[in-house]
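Reproduced below: coords-v3.csv, with CSV, N, CA and C atoms.
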```
chain,number,residue,atom,x,y,z
A,11,MET,N,2.7,-43.3,-92.1
A,11,MET,CA,3.3,-42.3,-91.3
A,11,MET,C,4.8,-42.5,-91.2
A,12,ARG,N,5.2,-43.8,-91.1
A,12,ARG,CA,6.6,-44.2,-91.0
A,12,ARG,C,7.3,-43.8,-92.3
A,13,VAL,N,6.6,-44.0,-93.4
A,13,VAL,CA,7.3,-43.7,-94.7
A,13,VAL,C,7.6,-42.2,-94.8
A,14,VAL,N,6.7,-41.3,-94.3
A,14,VAL,CA,6.9,-39.9,-94.3
A,14,VAL,C,8.1,-39.5,-93.4
A,15,VAL,N,8.2,-40.1,-92.2
A,15,VAL,CA,9.2,-39.8,-91.3
A,15,VAL,C,10.6,-40.3,-91.9
A,16,TYR,N,10.6,-41.5,-92.5
A,16,TYR,CA,11.8,-42.0,-93.0
A,16,TYR,C,12.3,-41.1,-94.2
A,17,SER,N,11.3,-40.8,-95.1
A,17,SER,CA,11.7,-39.9,-96.2
A,17,SER,C,12.2,-38.6,-95.8
A,18,LEU,N,11.6,-38.0,-94.8
A,18,LEU,CA,12.0,-36.7,-94.2
A,18,LEU,C,13.4,-36.8,-93.7
A,19,LEU,N,13.7,-37.9,-93.0
A,19,LEU,CA,15.0,-38.2,-92.4
A,19,LEU,C,16.1,-38.3,-93.5
A,20,LEU,N,15.7,-39.1,-94.5
A,20,LEU,CA,16.7,-39.2,-95.6
A,20,LEU,C,16.9,-37.9,-96.4
A,21,MET,N,15.9,-37.1,-96.6
A,21,MET,CA,16.0,-35.9,-97.3
A,21,MET,C,16.9,-34.9,-96.4
A,22,LEU,N,16.7,-34.9,-95.1
A,22,LEU,CA,17.4,-34.0,-94.2
A,22,LEU,C,18.9,-34.4,-94.2
A,23,LEU,N,19.2,-35.7,-94.2
A,23,LEU,CA,20.5,-36.2,-94.2
A,23,LEU,C,21.2,-35.9,-95.5
A,24,MET,N,20.5,-36.0,-96.6
A,24,MET,CA,21.1,-35.7,-97.9
A,24,MET,C,21.4,-34.2,-98.1
A,25,VAL,N,20.5,-33.4,-97.6
A,25,VAL,CA,20.6,-32.0,-97.8
A,25,VAL,C,21.6,-31.4,-96.9
A,26,THR,N,21.7,-31.9,-95.7
A,26,THR,CA,22.6,-31.4,-94.7
A,26,THR,C,24.1,-31.7,-95.1
A,27,PRO,N,24.9,-30.7,-95.1
A,27,PRO,CA,26.3,-30.9,-95.5
A,27,PRO,C,27.0,-31.7,-94.3
A,28,LEU,N,27.7,-32.7,-94.7
A,28,LEU,CA,28.4,-33.5,-93.7
A,28,LEU,C,29.8,-32.9,-93.4
A,29,LEU,N,29.9,-32.3,-92.2
A,29,LEU,CA,31.1,-31.7,-91.7
A,29,LEU,C,31.9,-32.8,-90.9
A,30,VAL,N,33.0,-33.1,-91.4
A,30,VAL,CA,33.8,-34.1,-90.7
A,30,VAL,C,34.9,-33.3,-89.9
A,31,GLU,N,34.8,-33.6,-88.6
A,31,GLU,CA,35.8,-33.0,-87.7
A,31,GLU,C,36.8,-34.1,-87.2
A,32,ALA,N,37.9,-33.7,-86.8
A,32,ALA,CA,38.9,-34.7,-86.4
A,32,ALA,C,38.5,-35.4,-85.1
A,33,GLN,N,38.0,-34.6,-84.1
A,33,GLN,CA,37.6,-35.1,-82.8
A,33,GLN,C,36.3,-35.9,-82.8
A,34,ASP,N,35.3,-35.4,-83.5
A,34,ASP,CA,34.0,-36.0,-83.5
A,34,ASP,C,33.4,-36.0,-85.0
A,35,PRO,N,33.6,-37.2,-85.7
A,35,PRO,CA,33.2,-37.2,-87.0
A,35,PRO,C,31.7,-37.3,-87.2
A,36,PHE,N,30.9,-37.6,-86.1
A,36,PHE,CA,29.5,-37.7,-86.2
A,36,PHE,C,28.7,-36.5,-85.7
A,37,SER,N,29.4,-35.4,-85.5
A,37,SER,CA,28.7,-34.2,-84.9
A,37,SER,C,27.6,-33.7,-85.9
A,38,GLY,N,27.9,-33.8,-87.2
A,38,GLY,CA,26.9,-33.4,-88.2
A,38,GLY,C,25.6,-34.2,-88.2
A,39,PHE,N,25.8,-35.5,-88.0
A,39,PHE,CA,24.7,-36.4,-87.8
A,39,PHE,C,23.9,-36.1,-86.6
A,40,GLU,N,24.6,-35.9,-85.5
A,40,GLU,CA,23.9,-35.6,-84.2
A,40,GLU,C,23.1,-34.3,-84.3
A,41,SER,N,23.6,-33.3,-84.9
A,41,SER,CA,22.8,-32.1,-85.1
A,41,SER,C,21.7,-32.2,-86.0
A,42,ALA,N,21.8,-33.0,-87.1
A,42,ALA,CA,20.7,-33.3,-88.0
A,42,ALA,C,19.6,-34.1,-87.3
A,43,ILE,N,20.0,-35.0,-86.6
A,43,ILE,CA,19.0,-35.8,-85.9
A,43,ILE,C,18.3,-35.0,-84.8
A,44,SER,N,19.0,-34.2,-84.1
A,44,SER,CA,18.4,-33.4,-83.1
A,44,SER,C,17.4,-32.4,-83.7
A,45,GLU,N,17.8,-31.8,-84.8
A,45,GLU,CA,16.9,-30.9,-85.5
A,45,GLU,C,15.7,-31.6,-86.0
A,46,LEU,N,15.8,-32.8,-86.6
A,46,LEU,CA,14.7,-33.6,-87.0
A,46,LEU,C,13.8,-33.9,-85.9
A,47,THR,N,14.4,-34.3,-84.8
A,47,THR,CA,13.6,-34.7,-83.6
A,47,THR,C,12.8,-33.5,-83.1
A,48,GLN,N,13.4,-32.3,-83.1
A,48,GLN,CA,12.7,-31.1,-82.7
A,48,GLN,C,11.6,-30.7,-83.6
A,49,SER,N,11.8,-30.9,-84.9
A,49,SER,CA,10.7,-30.7,-85.9
A,49,SER,C,9.5,-31.6,-85.7
A,50,ILE,N,9.8,-32.9,-85.5
A,50,ILE,CA,8.8,-33.8,-85.3
A,50,ILE,C,8.0,-33.5,-84.0
A,51,VAL,N,8.6,-33.1,-82.9
A,51,VAL,CA,8.0,-32.7,-81.7
A,51,VAL,C,7.1,-31.5,-81.9
A,52,ASN,N,7.6,-30.5,-82.7
A,52,ASN,CA,6.8,-29.3,-83.0
A,52,ASN,C,5.5,-29.7,-83.8
A,53,ILE,N,5.7,-30.6,-84.8
A,53,ILE,CA,4.5,-31.0,-85.6
A,53,ILE,C,3.5,-31.8,-84.7
A,54,LEU,N,4.0,-32.6,-83.8
A,54,LEU,CA,3.0,-33.4,-83.0
A,54,LEU,C,2.3,-32.4,-82.0
A,55,ASN,N,3.0,-31.4,-81.5
A,55,ASN,CA,2.4,-30.4,-80.6
A,55,ASN,C,1.3,-29.6,-81.4
A,56,MET,N,1.6,-29.3,-82.6
A,56,MET,CA,0.6,-28.6,-83.4
A,56,MET,C,-0.6,-29.4,-83.7
A,57,LEU,N,-0.4,-30.7,-84.0
A,57,LEU,CA,-1.5,-31.6,-84.2
A,57,LEU,C,-2.4,-31.8,-83.0
A,58,LYS,N,-1.7,-31.9,-81.8
A,58,LYS,CA,-2.4,-32.0,-80.5
A,58,LYS,C,-3.3,-30.8,-80.3
A,59,GLU,N,-2.7,-29.6,-80.5
A,59,GLU,CA,-3.5,-28.4,-80.2
A,59,GLU,C,-4.7,-28.3,-81.2
A,60,SER,N,-4.5,-28.7,-82.4
A,60,SER,CA,-5.6,-28.7,-83.4
A,60,SER,C,-6.7,-29.7,-83.0
A,61,ALA,N,-6.3,-30.9,-82.6
A,61,ALA,CA,-7.3,-31.9,-82.1
A,61,ALA,C,-8.0,-31.4,-80.9
A,62,LEU,N,-7.4,-30.8,-80.0
A,62,LEU,CA,-8.1,-30.2,-78.8
A,62,LEU,C,-9.1,-29.1,-79.2
A,63,THR,N,-8.7,-28.3,-80.1
A,63,THR,CA,-9.6,-27.2,-80.6
A,63,THR,C,-10.8,-27.8,-81.3
A,64,ILE,N,-10.6,-28.8,-82.1
A,64,ILE,CA,-11.7,-29.5,-82.8
A,64,ILE,C,-12.6,-30.2,-81.8
A,65,GLY,N,-12.0,-30.8,-80.8
A,65,GLY,CA,-12.8,-31.5,-79.8
A,65,GLY,C,-13.7,-30.6,-79.0
A,66,ARG,N,-13.1,-29.4,-78.7
A,66,ARG,CA,-13.9,-28.4,-77.9
A,66,ARG,C,-15.1,-27.9,-78.7
A,67,VAL,N,-14.8,-27.6,-80.0
A,67,VAL,CA,-15.9,-27.1,-80.9
A,67,VAL,C,-17.0,-28.2,-81.0
A,68,LEU,N,-16.6,-29.5,-81.2
A,68,LEU,CA,-17.5,-30.6,-81.3
A,68,LEU,C,-18.3,-30.7,-80.1
A,69,ALA,N,-17.7,-30.6,-78.9
A,69,ALA,CA,-18.4,-30.7,-77.7
A,69,ALA,C,-19.5,-29.6,-77.5
A,70,GLY,N,-19.1,-28.4,-77.9
A,70,GLY,CA,-20.1,-27.3,-77.8
A,70,GLY,C,-21.2,-27.5,-78.8
A,71,THR,N,-20.9,-28.0,-80.0
A,71,THR,CA,-22.0,-28.3,-81.0
A,71,THR,C,-22.9,-29.4,-80.5
A,72,LEU,N,-22.4,-30.5,-79.9
A,72,LEU,CA,-23.2,-31.5,-79.3
A,72,LEU,C,-24.1,-31.0,-78.2
A,73,ILE,N,-23.6,-30.2,-77.4
A,73,ILE,CA,-24.4,-29.7,-76.3
A,73,ILE,C,-25.5,-28.8,-76.8
A,74,ALA,N,-25.2,-27.9,-77.8
A,74,ALA,CA,-26.2,-27.0,-78.3
A,74,ALA,C,-27.3,-27.8,-79.1
A,75,LEU,N,-26.9,-28.7,-79.9
A,75,LEU,CA,-27.9,-29.5,-80.6
A,75,LEU,C,-28.7,-30.4,-79.6
A,76,GLY,N,-28.1,-30.9,-78.6
A,76,GLY,CA,-28.9,-31.6,-77.6
A,76,GLY,C,-29.9,-30.8,-76.9
A,77,VAL,N,-29.5,-29.6,-76.5
A,77,VAL,CA,-30.4,-28.6,-75.8
A,77,VAL,C,-31.6,-28.3,-76.8
A,78,VAL,N,-31.4,-28.1,-78.0
A,78,VAL,CA,-32.4,-27.8,-79.0
A,78,VAL,C,-33.4,-29.0,-79.1
A,79,LEU,N,-32.8,-30.2,-79.3
A,79,LEU,CA,-33.7,-31.4,-79.4
A,79,LEU,C,-34.5,-31.6,-78.1
A,80,TRP,N,-33.8,-31.5,-76.9
A,80,TRP,CA,-34.5,-31.7,-75.7
A,80,TRP,C,-35.6,-30.7,-75.4
A,81,ALA,N,-35.3,-29.4,-75.6
A,81,ALA,CA,-36.2,-28.4,-75.3
A,81,ALA,C,-37.4,-28.4,-76.3
A,82,SER,N,-37.3,-28.8,-77.5
A,82,SER,CA,-38.4,-28.8,-78.4
A,82,SER,C,-39.2,-30.1,-78.4
A,83,ASP,N,-38.9,-31.0,-77.5
A,83,ASP,CA,-39.7,-32.3,-77.3
A,83,ASP,C,-39.8,-33.1,-78.6
A,84,ILE,N,-38.9,-32.9,-79.6
A,84,ILE,CA,-38.9,-33.7,-80.8
A,84,ILE,C,-38.3,-35.0,-80.5
A,85,PHE,N,-37.0,-35.0,-80.0
A,85,PHE,CA,-36.3,-36.2,-79.6
A,85,PHE,C,-35.8,-36.0,-78.2
A,86,THR,N,-36.6,-36.1,-77.2
A,86,THR,CA,-36.1,-35.7,-75.8
A,86,THR,C,-35.0,-36.7,-75.4
A,87,TYR,N,-35.2,-38.0,-75.6
A,87,TYR,CA,-34.2,-38.9,-75.1
A,87,TYR,C,-32.8,-38.7,-75.9
A,88,LYS,N,-32.9,-38.5,-77.2
A,88,LYS,CA,-31.7,-38.3,-78.0
A,88,LYS,C,-31.0,-37.0,-77.6
A,89,GLY,N,-31.8,-36.0,-77.3
A,89,GLY,CA,-31.3,-34.7,-76.8
A,89,GLY,C,-30.5,-34.8,-75.5
A,90,ARG,N,-31.1,-35.6,-74.6
A,90,ARG,CA,-30.3,-35.8,-73.3
A,90,ARG,C,-29.0,-36.5,-73.5
A,91,ARG,N,-29.1,-37.5,-74.4
A,91,ARG,CA,-27.8,-38.3,-74.7
A,91,ARG,C,-26.8,-37.4,-75.4
A,92,LEU,N,-27.2,-36.5,-76.3
A,92,LEU,CA,-26.3,-35.6,-76.9
A,92,LEU,C,-25.7,-34.6,-75.9
A,93,ILE,N,-26.5,-34.1,-75.0
A,93,ILE,CA,-26.0,-33.2,-74.0
A,93,ILE,C,-25.0,-33.9,-73.1
A,94,LEU,N,-25.3,-35.1,-72.7
A,94,LEU,CA,-24.3,-35.9,-71.8
A,94,LEU,C,-23.1,-36.2,-72.6
A,95,ALA,N,-23.2,-36.6,-73.8
A,95,ALA,CA,-22.0,-36.9,-74.6
A,95,ALA,C,-21.1,-35.6,-74.8
A,96,GLY,N,-21.7,-34.5,-75.0
A,96,GLY,CA,-21.0,-33.2,-75.2
A,96,GLY,C,-20.3,-32.8,-73.9
A,97,ILE,N,-20.9,-33.0,-72.8
A,97,ILE,CA,-20.3,-32.7,-71.5
A,97,ILE,C,-19.1,-33.6,-71.2
A,98,ILE,N,-19.3,-34.9,-71.5
A,98,ILE,CA,-18.2,-35.9,-71.3
A,98,ILE,C,-17.0,-35.5,-72.2
A,99,LEU,N,-17.3,-35.2,-73.4
A,99,LEU,CA,-16.2,-34.8,-74.4
A,99,LEU,C,-15.5,-33.6,-73.9
A,100,LEU,N,-16.3,-32.6,-73.4
A,100,LEU,CA,-15.7,-31.4,-73.0
A,100,LEU,C,-14.8,-31.6,-71.8
A,101,ILE,N,-15.2,-32.5,-70.8
A,101,ILE,CA,-14.4,-32.8,-69.7
A,101,ILE,C,-13.1,-33.5,-70.1
A,102,LEU,N,-13.2,-34.4,-71.1
A,102,LEU,CA,-12.0,-35.1,-71.5
A,102,LEU,C,-11.1,-34.2,-72.2
A,103,MET,N,-11.6,-33.2,-73.0
A,103,MET,CA,-10.7,-32.3,-73.7
A,103,MET,C,-10.0,-31.4,-72.7
A,104,GLU,N,-10.6,-31.1,-71.5
A,104,GLU,CA,-10.0,-30.3,-70.5
A,104,GLU,C,-9.0,-31.0,-69.7
A,105,LEU,N,-9.1,-32.4,-69.6
A,105,LEU,CA,-8.2,-33.2,-68.8
A,105,LEU,C,-6.9,-33.4,-69.6
A,106,ILE,N,-6.9,-33.4,-70.9
A,106,ILE,CA,-5.7,-33.6,-71.7
A,106,ILE,C,-4.9,-32.4,-71.6
A,107,PRO,N,-3.6,-32.5,-71.2
A,107,PRO,CA,-2.8,-31.3,-71.1
A,107,PRO,C,-2.3,-30.7,-72.4
```
Written as structure tokens, that's how I'd like the structure from this file.
Amino acid sequence: MRVVVYSLLLMLLMVTPLLVEAQDPFSGFESAISELTQSIVNILNMLKESALTIGRVLAGTLIALGVVLWASDIFTYKGRRLILAGIILLILMELIP
């Protein structure tokens, strides 16, 4: 992950034209770094939302499979454990902002 971030930073710094001003020679660097930081935050937010969606789907699947196993008396104990695991996962997914 660090290699990707470092390579993205280097590519961004090489592509971004360096504007040298008399008062602030590092303003180009500051804007490039702030844009890179904003891009990383956006990517992390997208990954978080994807993980939450996958977790909710997985929790629903666990509950549904547990109900089927529990109601059919094939694996009653395993069904109850799947239902409980699905409920706990669903609660955890709702607690994460």
Distance of atom N of Ile73 (chain A) from atom N of Ile101 (chain A), expressed in Å to one decimal place:
10.9 Å
Region 30-94 of chain A: which residues are helix (DSSP H, G or I) by DSSP, as an MDAnalysis selection string?
chainID A and resid 37:81 86:94
Which residue gives the smallest distance to Leu79 (chain A) among A:Ser49, A:Leu92, A:Leu19, A:Ser44, with only C-alpha atoms counted?
A:Leu92
With distances taken over all atoms listed in the file, the candidate from A:Ile106, A:Ile97, A:Val13, A:Ala42 nearest Gly70 (chain A) is A:Ile97
Computed interatomic separation between atom N of Tyr87 (chain A) and atom N of Thr63 (chain A) (Å)
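Here the two named atoms are 28.6 Å from each other.
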